[in-house]
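The block underneath contains the structure these notes are about, expressed in structure tokens.
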Amino acid sequence: MFTTSVRTARRLCYARSLICHIPLPFSSKAISVSSTLSRALLCSSSVTATAAVTVTTCFYSTSGTNHLDLIRDNTNNSNRNTAYPVSDGKELVSPRYTDAYAAIELALDSVVKVFTVTSSPNYFLPWQNKSQRESMGSGGDNISVTKGVVSRVEPTQYVHGATQLMAIQIDAAINPGNSGGPAIMGDKVVGVAFQNLSGAENIGYIIPVPVIKHFISGVEECGKYVGFCSLGLSCQPAENVQLREHFRMHPEMTGVLISKINPLADAYRVLKKDDIILAFDGVPIANDGTVPFRNRERIAFDHLVSMKKPNETAEVRVLRDGVENEFSITLQPLQPLVPVHQFDRLPSYFIFAGLVFIPLTQPFLHEYGEDWYNTSPRRLCESALRELPKMAGEQLVILSQLLMDDINAGYERLAELQVKKVNDVEVKNLKHLRQLVDGCGEGSLRFDLDDERVIVLNYQLAKVATSRILKRHRIPSAMSNDLIDKHEVEVGTDLASPS
């Protein structure tokens, strides 16, 4: 859960008074407005490989070549300063009727300084939050402007998006305070700054216009963000000559070898392991998995897939057993078995007899620290990064910890293991596990864990112990709200309401 308390929200600028007064409220220099402002919201998809890019934290810049000189006009009111642009003795035009003025007014009205108090979920103790933390916008009150040169354009792993999409690499430093600011080239916005390369200096990335437009159009059509499409394939380059000969590829053929297919993808219906993908939507795929892109450049063919809209079809040419085939595949965004992010969602949990069950997520692994890949349980980490779902709604349920009690004595070393079965029934997800436990009734309750480990409990004694353990640890509920059935909520409301 993310809670924000706006203690102070002070506008960096004062709308019209910023335009009409010289100097600026926060600067001793006269304002210098770039012609960028008149077209700040018009995006261009063209990016030159050696073009200079300016990254700023709002939709205006104090750098540029076409500046406006400002003068004061005291003819009507001596207490009112009005700024007019002057250009080589031409007729004065009120800034109130220019595109630049409108762009400035829009930008200044939207820039605020926010101080927040945040409290994030605790995935080790999923029924509570971590300690509150105060934060504020980094840097000063002035506009932050950074200049750099485009180094390359290629698919890059998006940290927040948990996917690989096209990104523009620049040699300008992008710090936390710059994230979300526009990247300006000439008089057009060409992207949004969003991340840097950890451990490197002056390497930043911006989201290019095609990805931004695709995102916006998807939200407009679906009413929410649904993600970018994927074929659901894991492919291997076919650069080795003997590999191509083994799969009967002719000398003029190029493509990539399918090594793994997501069972939830539509491609699982028609494609097979060891198929060779020769072309996507008529575009030939090279042996290294790239396709033509901008003049003589090349880019991974995944870019063509990601630019497809949900439910759109793609024509894929495949070589199978030496014979070429054409298949039509419907593309959809695919969710991983282990979620990378849990935005706007509270952690799920289920407690029974002091056993704390949760679905495995990467935020849980991140609780092990910045070096979580090496410090988190190796088996869970490998499952999170490599395993694919076998059915819709599947979760990898683990026993995260034990809240010690006499009922679970001797099982304390079985934490951090995956739960495979409950009473010989395979577990599909956490809600299914909870239903299997509640449906036990009487007798013994058996949990089969990873590494062939077993937990056996007396159901009635364990049920009594659960209430005792919850009270001891001051835990308000034995399960998260998302595991409570609707009819249980209705029954609880009826019982609570006065007769």
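Naming scheme: A, B, ... for chains in displayed order of the structure tokens; residues 1 onward per chain; ligands 1 onward as shown.
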
Using DSSP secondary structure from the backbone, list all alpha helix (DSSP H) positions within region 167-318 of chain A, as a list in words.
Val209, Pro210, Val211, Ile212, Lys213, His214, Phe215, Ile216, Ser217, Gly218, Val219, Glu220, Glu221, Cys222, Val241, Gln242, Leu243, Arg244, Glu245, His246, Ala267, Tyr268, Arg269, Val270, Asp302, His303, Leu304, Val305 and Ser306 of chain A

Write a file of the selected residues as a compact mmCIF listing (two decimals), in the first residue's frame, keeping C-alpha atoms.
# COMPACT_ATOMS: atom_id res chain seq x y z
CA VAL A 209 7.75 8.14 -28.89
CA PRO A 210 6.48 4.90 -30.57
CA VAL A 211 6.34 3.16 -27.17
CA ILE A 212 4.61 6.17 -25.58
CA LYS A 213 2.01 6.36 -28.36
CA HIS A 214 1.39 2.62 -28.14
CA PHE A 215 0.86 2.90 -24.39
CA ILE A 216 -1.53 5.85 -24.67
CA SER A 217 -3.59 4.29 -27.46
CA GLY A 218 -3.86 1.06 -25.47
CA VAL A 219 -5.20 2.88 -22.41
CA GLU A 220 -7.67 4.83 -24.56
CA GLU A 221 -9.03 1.68 -26.18
CA CYS A 222 -9.13 -0.61 -23.12
CA VAL A 241 26.40 -23.38 -39.74
CA GLN A 242 26.04 -26.92 -38.39
CA LEU A 243 22.94 -25.94 -36.42
CA ARG A 244 21.30 -24.60 -39.57
CA GLU A 245 22.23 -27.70 -41.55
CA HIS A 246 20.80 -29.95 -38.83
CA ALA A 267 1.64 -19.69 -30.21
CA TYR A 268 1.55 -22.83 -28.03
CA ARG A 269 -1.38 -23.98 -30.15
CA VAL A 270 0.42 -23.97 -33.51
CA ASP A 302 10.69 -8.58 -30.45
CA HIS A 303 10.15 -4.89 -31.19
CA LEU A 304 7.73 -5.78 -33.99
CA VAL A 305 5.83 -8.04 -31.60
CA SER A 306 5.61 -5.45 -28.82

Using CA of Ser480 (chain A) and CA of Leu346 (chain A) as the two end points, give the distance in Å to one decimal.
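Computing the Euclidean distance for CA of Ser480 (chain A) and CA of Leu346 (chain A) yields 8.3 Å.
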
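Between CA of Ala353 (chain A) and CA of Tyr368 (chain A) lies a distance of 25.2 Å.
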
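In this model, the gap between CA of Glu201 (chain A) and CA of Ile299 (chain A) comes to 24.7 Å.
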
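Among the candidate residues A:Ile276, A:Leu197, A:Val149, A:Val356, the one lying nearest to Val323 (chain A) is A:Ile276, with distances computed using only C-alpha atoms.
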
Could you pull the residues within 12 Å of region 371-373 of chain A, counting only C-alpha atoms, minus those fewer than 5 positions along the same chain, as a list in words?
Gln362, Pro363, Phe364, Leu365, His366, Arg378, Arg379, Leu380, Cys381, Glu382, Ser383, Ala384 and Leu385 of chain A

Written selection (all heavy atoms) as a compact mmCIF listing (two decimals), in the first residue's frame:
# COMPACT_ATOMS: atom_id res chain seq x y z
N GLN A 362 8.38 -11.38 -6.84
CA GLN A 362 9.71 -10.77 -6.77
C GLN A 362 9.84 -9.73 -5.67
O GLN A 362 10.90 -9.60 -5.06
CB GLN A 362 10.09 -10.18 -8.14
CG GLN A 362 10.54 -11.24 -9.14
CD GLN A 362 11.39 -10.67 -10.26
OE1 GLN A 362 12.07 -9.66 -10.10
NE2 GLN A 362 11.34 -11.32 -11.42
N PRO A 363 8.77 -8.95 -5.35
CA PRO A 363 8.89 -8.06 -4.19
C PRO A 363 9.23 -8.80 -2.90
O PRO A 363 9.93 -8.25 -2.04
CB PRO A 363 7.51 -7.41 -4.12
CG PRO A 363 7.05 -7.37 -5.53
CD PRO A 363 7.55 -8.66 -6.12
N PHE A 364 8.76 -10.05 -2.75
CA PHE A 364 9.14 -10.83 -1.58
C PHE A 364 10.64 -11.13 -1.60
O PHE A 364 11.33 -11.00 -0.59
CB PHE A 364 8.35 -12.14 -1.55
CG PHE A 364 8.85 -13.13 -0.54
CD1 PHE A 364 8.54 -13.00 0.80
CD2 PHE A 364 9.64 -14.21 -0.93
CE1 PHE A 364 9.02 -13.91 1.75
CE2 PHE A 364 10.11 -15.13 0.00
CZ PHE A 364 9.79 -14.97 1.34
N LEU A 365 11.17 -11.48 -2.77
CA LEU A 365 12.60 -11.75 -2.87
C LEU A 365 13.43 -10.48 -2.65
O LEU A 365 14.54 -10.54 -2.15
CB LEU A 365 12.92 -12.36 -4.24
CG LEU A 365 12.27 -13.72 -4.55
CD1 LEU A 365 12.60 -14.16 -5.96
CD2 LEU A 365 12.73 -14.78 -3.55
N HIS A 366 12.87 -9.34 -3.04
CA HIS A 366 13.59 -8.07 -2.86
C HIS A 366 13.79 -7.73 -1.39
O HIS A 366 14.65 -6.90 -1.05
CB HIS A 366 12.85 -6.93 -3.56
CG HIS A 366 12.81 -7.09 -5.04
ND1 HIS A 366 11.99 -6.32 -5.86
CD2 HIS A 366 13.47 -7.93 -5.88
CE1 HIS A 366 12.15 -6.69 -7.12
NE2 HIS A 366 13.06 -7.66 -7.15
N ARG A 378 18.05 -19.83 -3.20
CA ARG A 378 18.42 -20.08 -4.58
C ARG A 378 17.31 -20.75 -5.37
O ARG A 378 17.01 -20.38 -6.51
CB ARG A 378 19.69 -20.95 -4.60
CG ARG A 378 20.14 -21.45 -5.96
CD ARG A 378 20.26 -20.34 -7.00
NE ARG A 378 20.96 -19.17 -6.48
CZ ARG A 378 20.98 -18.00 -7.08
NH1 ARG A 378 20.33 -17.83 -8.21
NH2 ARG A 378 21.65 -16.99 -6.56
N ARG A 379 16.64 -21.73 -4.77
CA ARG A 379 15.60 -22.45 -5.51
C ARG A 379 14.41 -21.54 -5.83
O ARG A 379 13.87 -21.60 -6.94
CB ARG A 379 15.14 -23.65 -4.68
CG ARG A 379 14.21 -24.59 -5.43
CD ARG A 379 13.99 -25.88 -4.67
NE ARG A 379 15.23 -26.62 -4.52
CZ ARG A 379 15.33 -27.78 -3.88
NH1 ARG A 379 14.24 -28.34 -3.34
NH2 ARG A 379 16.49 -28.40 -3.79
N LEU A 380 14.03 -20.70 -4.90
CA LEU A 380 12.93 -19.78 -5.15
C LEU A 380 13.30 -18.74 -6.20
O LEU A 380 12.49 -18.37 -7.05
CB LEU A 380 12.53 -19.07 -3.85
CG LEU A 380 11.97 -19.96 -2.72
CD1 LEU A 380 11.56 -19.10 -1.54
CD2 LEU A 380 10.80 -20.80 -3.22
N CYS A 381 14.54 -18.29 -6.15
CA CYS A 381 14.99 -17.29 -7.12
C CYS A 381 14.99 -17.87 -8.53
O CYS A 381 14.54 -17.22 -9.48
CB CYS A 381 16.39 -16.80 -6.74
SG CYS A 381 17.01 -15.46 -7.76
N GLU A 382 15.47 -19.09 -8.69
CA GLU A 382 15.49 -19.71 -10.01
C GLU A 382 14.08 -19.95 -10.52
O GLU A 382 13.79 -19.77 -11.71
CB GLU A 382 16.26 -21.03 -9.94
CG GLU A 382 17.75 -20.87 -9.71
CD GLU A 382 18.43 -20.13 -10.84
OE1 GLU A 382 18.02 -20.32 -12.01
OE2 GLU A 382 19.37 -19.35 -10.57
N SER A 383 13.18 -20.35 -9.63
CA SER A 383 11.78 -20.56 -10.04
C SER A 383 11.13 -19.26 -10.49
O SER A 383 10.37 -19.23 -11.45
CB SER A 383 10.98 -21.16 -8.88
OG SER A 383 11.49 -22.43 -8.52
N ALA A 384 11.44 -18.17 -9.77
CA ALA A 384 10.86 -16.87 -10.10
C ALA A 384 11.30 -16.38 -11.47
O ALA A 384 10.52 -15.75 -12.20
CB ALA A 384 11.23 -15.85 -9.03
N LEU A 385 12.53 -16.68 -11.85
CA LEU A 385 13.07 -16.14 -13.09
C LEU A 385 12.89 -17.05 -14.29
O LEU A 385 12.92 -16.59 -15.44
CB LEU A 385 14.57 -15.84 -12.91
CG LEU A 385 14.92 -14.81 -11.84
CD1 LEU A 385 16.42 -14.68 -11.71
CD2 LEU A 385 14.28 -13.47 -12.15

With DSSP run on the backbone, what are the strand (DSSP E) residues within region 130-227 of chain A? I'd like them as a short mmCIF file (atom, residue, chain, number, x, y, z; two decimals) with N, CA and C atoms, in the first residue's frame.
data_model
loop_
_atom_site.label_atom_id
_atom_site.label_comp_id
_atom_site.auth_asym_id
_atom_site.auth_seq_id
_atom_site.Cartn_x
_atom_site.Cartn_y
_atom_site.Cartn_z
N ARG A 133 8.14 6.55 6.06
CA ARG A 133 9.36 7.19 5.58
C ARG A 133 8.99 8.49 4.89
N GLU A 134 9.67 9.57 5.25
CA GLU A 134 9.42 10.86 4.63
C GLU A 134 10.31 11.01 3.40
N SER A 135 9.77 11.66 2.39
CA SER A 135 10.55 11.90 1.18
C SER A 135 10.09 13.18 0.54
N MET A 136 10.92 13.70 -0.34
CA MET A 136 10.61 14.94 -1.04
C MET A 136 11.31 14.90 -2.39
N VAL A 145 18.08 20.63 -16.19
CA VAL A 145 18.30 20.40 -17.62
C VAL A 145 19.61 19.64 -17.80
N THR A 146 19.58 18.57 -18.53
CA THR A 146 20.77 17.77 -18.83
C THR A 146 20.85 17.54 -20.33
N LYS A 147 22.05 17.69 -20.90
CA LYS A 147 22.24 17.48 -22.32
C LYS A 147 23.07 16.23 -22.58
N GLY A 148 22.75 15.53 -23.64
CA GLY A 148 23.50 14.34 -24.00
C GLY A 148 23.33 14.00 -25.47
N VAL A 149 24.05 12.99 -25.91
CA VAL A 149 24.03 12.54 -27.29
C VAL A 149 23.48 11.12 -27.34
N VAL A 150 22.66 10.83 -28.35
CA VAL A 150 22.11 9.49 -28.51
C VAL A 150 23.23 8.51 -28.84
N SER A 151 23.32 7.45 -28.04
CA SER A 151 24.36 6.44 -28.26
C SER A 151 23.85 5.27 -29.09
N ARG A 152 22.64 4.80 -28.79
CA ARG A 152 22.09 3.66 -29.52
C ARG A 152 20.59 3.59 -29.28
N VAL A 153 19.92 2.84 -30.14
CA VAL A 153 18.49 2.57 -30.01
C VAL A 153 18.31 1.06 -30.11
N GLU A 154 17.82 0.44 -29.03
CA GLU A 154 17.70 -1.01 -29.00
C GLU A 154 16.71 -1.42 -27.92
N PRO A 155 16.17 -2.64 -27.97
CA PRO A 155 15.31 -3.13 -26.90
C PRO A 155 16.09 -3.22 -25.58
N THR A 156 15.49 -2.75 -24.53
CA THR A 156 16.12 -2.69 -23.22
C THR A 156 15.12 -3.15 -22.16
N GLN A 157 15.63 -3.76 -21.10
CA GLN A 157 14.76 -4.19 -20.01
C GLN A 157 14.25 -2.97 -19.25
N TYR A 158 12.92 -2.82 -19.21
CA TYR A 158 12.31 -1.73 -18.46
C TYR A 158 12.17 -2.17 -17.00
N THR A 163 9.34 -5.64 -18.60
CA THR A 163 9.31 -6.13 -19.96
C THR A 163 10.47 -5.51 -20.73
N GLN A 164 10.73 -6.05 -21.91
CA GLN A 164 11.81 -5.54 -22.74
C GLN A 164 11.21 -4.82 -23.94
N LEU A 165 11.45 -3.51 -24.01
CA LEU A 165 10.91 -2.67 -25.08
C LEU A 165 12.02 -1.78 -25.63
N MET A 166 11.72 -1.16 -26.77
CA MET A 166 12.69 -0.28 -27.38
C MET A 166 12.98 0.91 -26.48
N ALA A 167 14.25 1.28 -26.37
CA ALA A 167 14.66 2.43 -25.56
C ALA A 167 15.82 3.13 -26.25
N ILE A 168 16.00 4.40 -25.94
CA ILE A 168 17.08 5.22 -26.50
C ILE A 168 18.12 5.43 -25.41
N GLN A 169 19.34 5.03 -25.68
CA GLN A 169 20.43 5.22 -24.72
C GLN A 169 21.13 6.53 -25.03
N ILE A 170 21.34 7.34 -24.00
CA ILE A 170 22.03 8.61 -24.17
C ILE A 170 23.17 8.69 -23.16
N PRO A 182 10.65 15.19 -19.92
CA PRO A 182 10.73 14.99 -21.36
C PRO A 182 12.15 15.10 -21.89
N ALA A 183 12.43 14.38 -22.95
CA ALA A 183 13.69 14.50 -23.69
C ALA A 183 13.39 15.29 -24.95
N ILE A 184 14.08 16.39 -25.15
CA ILE A 184 13.78 17.31 -26.24
C ILE A 184 14.93 17.34 -27.22
N MET A 185 14.61 17.19 -28.51
CA MET A 185 15.60 17.31 -29.57
C MET A 185 15.11 18.37 -30.55
N LYS A 188 11.16 19.42 -30.65
CA LYS A 188 10.17 18.36 -30.45
C LYS A 188 10.54 17.50 -29.25
N VAL A 189 9.52 16.99 -28.59
CA VAL A 189 9.72 16.02 -27.52
C VAL A 189 9.87 14.64 -28.16
N VAL A 190 10.99 13.97 -27.88
CA VAL A 190 11.27 12.68 -28.52
C VAL A 190 11.23 11.52 -27.55
N GLY A 191 10.92 11.78 -26.29
CA GLY A 191 10.85 10.68 -25.34
C GLY A 191 10.73 11.17 -23.91
N VAL A 192 10.72 10.21 -22.99
CA VAL A 192 10.60 10.50 -21.56
C VAL A 192 11.74 9.80 -20.82
N ALA A 193 12.47 10.55 -20.01
CA ALA A 193 13.56 9.96 -19.23
C ALA A 193 12.99 9.02 -18.17
N PHE A 194 13.62 7.84 -18.00
CA PHE A 194 13.02 6.91 -17.04
C PHE A 194 13.99 6.04 -16.26
N GLN A 195 15.23 5.84 -16.68
CA GLN A 195 16.12 4.99 -15.88
C GLN A 195 17.56 5.20 -16.32
N ASN A 196 18.50 4.70 -15.49
CA ASN A 196 19.91 4.73 -15.86
C ASN A 196 20.49 3.34 -15.70
N GLY A 204 22.12 6.90 -19.57
CA GLY A 204 20.70 6.97 -19.23
C GLY A 204 19.85 6.46 -20.38
N TYR A 205 18.58 6.24 -20.09
CA TYR A 205 17.66 5.72 -21.10
C TYR A 205 16.38 6.55 -21.10
N ILE A 206 15.84 6.75 -22.29
CA ILE A 206 14.57 7.45 -22.42
C ILE A 206 13.61 6.56 -23.21
N ILE A 207 12.33 6.68 -22.88
CA ILE A 207 11.29 5.93 -23.58
C ILE A 207 10.98 6.65 -24.88
N PRO A 208 11.11 6.00 -26.03
CA PRO A 208 10.88 6.69 -27.31
C PRO A 208 9.39 6.89 -27.60
#

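Counting only C-alpha atoms and comparing A:Ile407, A:Cys235, A:Val318, A:Val456, the residue that lies closest to Val422 (chain A) is A:Val456.
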
Which residue out of A:Gly354, A:Pro389, A:Arg296, A:Pro333 has the minimum interatomic distance to Lys471 (chain A) when only C-alpha atoms are used?
A:Gly354

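For the choices A:Val454, A:Leu264, A:Val117, A:Val397, the atom-to-atom distance to Ser348 (chain A) is smallest for A:Val397 when using only C-alpha atoms.
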
Per residue of region 265-367 of chain A within 10 Å of region 433-442 of chain A, note the shortest atom pair and the distance in Å to one decimal, counting only C-alpha atoms, and order the rows by chain and increasing residue number, as CSV.
residue,atom,partner,partner_atom,distance
A:Tyr349,CA,A:Arg434,CA,9.7
A:Phe350,CA,A:Arg434,CA,7.0
A:Ile351,CA,A:Arg434,CA,9.1
A:Phe352,CA,A:Val437,CA,8.5
A:Phe357,CA,A:Leu433,CA,8.9

Nearest residue to Thr313 (chain A) out of A:Cys229, A:His341, A:Val283, A:Gly255, using only C-alpha atoms?
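Smallest distance to Thr313 (chain A) is found for A:Cys229.
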
Write out as a list in words which residues come within 7 Å of Tyr459 (chain A) when counting only C-alpha atoms, dropping same-chain ones fewer than 5 positions away.
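So the residues in contact are Glu442, Gly443, Ser444 and Leu445 of chain A.
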
Kindly export the residues of the current selection with all heavy atoms, as a compact mmCIF listing (two decimals), in the first residue's frame.
# COMPACT_ATOMS: atom_id res chain seq x y z
N GLU A 442 -12.02 -33.12 9.30
CA GLU A 442 -11.44 -33.80 10.45
C GLU A 442 -10.25 -34.65 10.01
O GLU A 442 -9.98 -34.79 8.83
CB GLU A 442 -12.50 -34.67 11.13
CG GLU A 442 -13.70 -33.90 11.69
CD GLU A 442 -14.72 -34.82 12.34
OE1 GLU A 442 -14.51 -36.04 12.30
OE2 GLU A 442 -15.71 -34.31 12.88
N GLY A 443 -9.59 -35.20 11.01
CA GLY A 443 -8.47 -36.08 10.72
C GLY A 443 -7.20 -35.31 10.48
O GLY A 443 -7.01 -34.18 10.93
N SER A 444 -6.30 -35.92 9.71
CA SER A 444 -4.97 -35.34 9.48
C SER A 444 -4.97 -34.46 8.25
O SER A 444 -5.69 -34.70 7.27
CB SER A 444 -3.93 -36.46 9.33
OG SER A 444 -3.82 -37.21 10.52
N LEU A 445 -4.15 -33.44 8.31
CA LEU A 445 -3.94 -32.52 7.19
C LEU A 445 -2.48 -32.63 6.78
O LEU A 445 -1.58 -32.37 7.57
CB LEU A 445 -4.28 -31.09 7.61
CG LEU A 445 -4.13 -30.00 6.56
CD1 LEU A 445 -5.09 -30.23 5.39
CD2 LEU A 445 -4.38 -28.63 7.17

Determine, counting only C-alpha atoms, which protein, DNA and RNA residues have an atom within 8 Å of an atom of region 288-292 of chain A; residues of the same chain fewer than 2 positions away are not included. Present the result as number ranges by chain.
A: 237-239, 255-256, 283-286, 294-301
